[in-house]
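Colleague: Have a look at this one.
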Amino acid sequence: MTTLGEASSGTAHGPESLGDDRLKHLEFLQAVITRLSNQSFLVKGWALSLAAGIFAVASSQQSWQVAVSGLVPLACFWSLDGMFLRQERLFRYLYDDVRRPENEVETLSMDVGPYLGRISWLGATFSTTLQLFYGALLVADVALAAVSL
């Protein structure tokens with residue numbers, strides 16, 4: 001079994017036809033994409049932990065003010081997660097262009113500028129996956145505030 005960096009002879013397609021610089025470029029991009037997706041995962045964990053703590057305090061005190069105050073960090077985490085998702089998608093676009101044989105991307109370039117028009121921060125922030133996660137927390141927070149009135 002060969003890894004991405006190992007070359008086997010005799011085939012015209014695959015990792016060996018990429019060239020060392022292009023292969024290294026793809027590895028750099030994959031590392032950035034992995035870091036961004038890990039950060040997104042951590043943000044979700046922090047958001048869920050903080051929301052659970054706020055829900056616990058708000059329900060034990062029957063305080064709608066505490067429940068409503070939970071909306072501020074929820075909005076902050078949601079927007080931060082949207083930023084990470086947007087950056088991840090931008091680097092995925094760059095990765096897709098670098099992996100193509102006819103690519104026009106400068107060697108080892110990490111510039112995602114040409115892809116900025118493909119996805120907006122709002123588009124990423126209100127993507128289906130983030131809407132489901134943060135929307136559920138939002139509904140729970142608003143419901144807790146309504147019950148605590």
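In the structure tokens, each chain is lettered A, B, ... as it comes, each chain's residues begin at 1, and ligands are numbered from 1 in order of appearance.
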Any idea what's packed within 8 Å of Leu90 of chain A, counting only C-alpha atoms, ignoring anything in its chain fewer than 4 positions away? Could you give it as a ChimeraX atom specification?

Modeller: /A:86,94,112,115-116,119

Colleague: Give me, as a PyMOL selection string, the residues of segment 25-138 of chain A that a backbone DSSP run labels helix (DSSP H, G or I).

Modeller: chain A and resi 25-61+64-69+71-99+113-115+121-125+128-138

Colleague: Name the residues in contact with Trp46 of chain A at a cut-off of 12 Å, using only C-alpha atoms, excluding same-chain residues fewer than 6 positions from it; report them as a short mmCIF file (atom, residue, chain, number, x, y, z; two decimals) with C-alpha atoms, in the first residue's frame.

Modeller:
data_model
loop_
_atom_site.label_atom_id
_atom_site.label_comp_id
_atom_site.auth_asym_id
_atom_site.auth_seq_id
_atom_site.Cartn_x
_atom_site.Cartn_y
_atom_site.Cartn_z
CA GLN A 39 -11.74 24.50 15.45
CA SER A 40 -15.35 24.37 14.30
CA ALA A 52 -26.13 23.81 29.13
CA GLY A 53 -24.71 25.85 32.00
CA PRO A 73 -22.83 33.93 23.55
CA LEU A 74 -24.98 31.74 21.29
CA CYS A 76 -21.12 34.86 19.08
CA PHE A 77 -20.39 31.14 18.81
CA TRP A 78 -22.70 30.79 15.81
CA LEU A 80 -17.51 32.31 14.86
CA ASP A 81 -18.46 28.84 13.63
#

Colleague: Residues within 8 Å of Trp64 of chain A, please, as JSON, numbers by chain. Count only C-alpha atoms; anything in the same chain fewer than 6 positions from it doesn't count.

Modeller: {"A": [58, 144, 145, 146, 147, 148, 149]}

Colleague: Check the smallest atom-to-atom distance from each of A:Met110, A:Val142, A:Leu130, A:Met83 to Val32 of chain A using only C-alpha atoms, then report the winner.

Modeller: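 Answer, going by the shortest atom-to-atom distance: A:Met110.
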
Colleague: Could you please determine the separation between atom CA of Leu85 of chain A and atom CA of Leu42 of chain A in Å, to one decimal place?

Modeller: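 Distance between the two atoms: 12.4 Å.
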
Colleague: Which distance in Å separates atom CA of Ser79 of chain A and atom CA of Tyr134 of chain A, to one decimal?

Modeller: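 About the pair atom CA of Ser79 of chain A and atom CA of Tyr134 of chain A: they are 10.1 Å apart.
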
Colleague: So what do you get for atom CA of Val57 of chain A versus atom CA of Val139 of chain A, distance-wise?

Modeller: 17.0 Å

Colleague: When you look at segment 36-38 of chain A with a cut-off of 8 Å (counting only C-alpha atoms), what residues show up, excluding the ones that are within fewer than 5 positions of it in the same chain? I need them as a list in words.

Modeller: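 My list of contacting residues is Phe84, Leu85, Gln87 and Glu88 of chain A.
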
Colleague: Can you pull out the residues contacting Ser127 of chain A? Cut-off 10 Å, using only C-alpha atoms, and skip same-chain residues under 4 positions away; I want them as a list in words.

Modeller: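 The residues that qualify are Gly82, Leu85, Arg86, Trp121, Leu122, Gly123, Gln131 and Leu132 of chain A.
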
Colleague: Which is closer to Glu106 of chain A than all the others in A:Gln30, A:Asp21, A:Ser60, A:Asp141, using only C-alpha atoms?

Modeller: A:Asp21

Colleague: Nearest residue to Leu50 of chain A out of A:Arg22, A:Glu102, A:Tyr95, A:Leu137, using only C-alpha atoms?

Modeller: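 The shortest atom-to-atom distance to Leu50 of chain A comes from A:Leu137.
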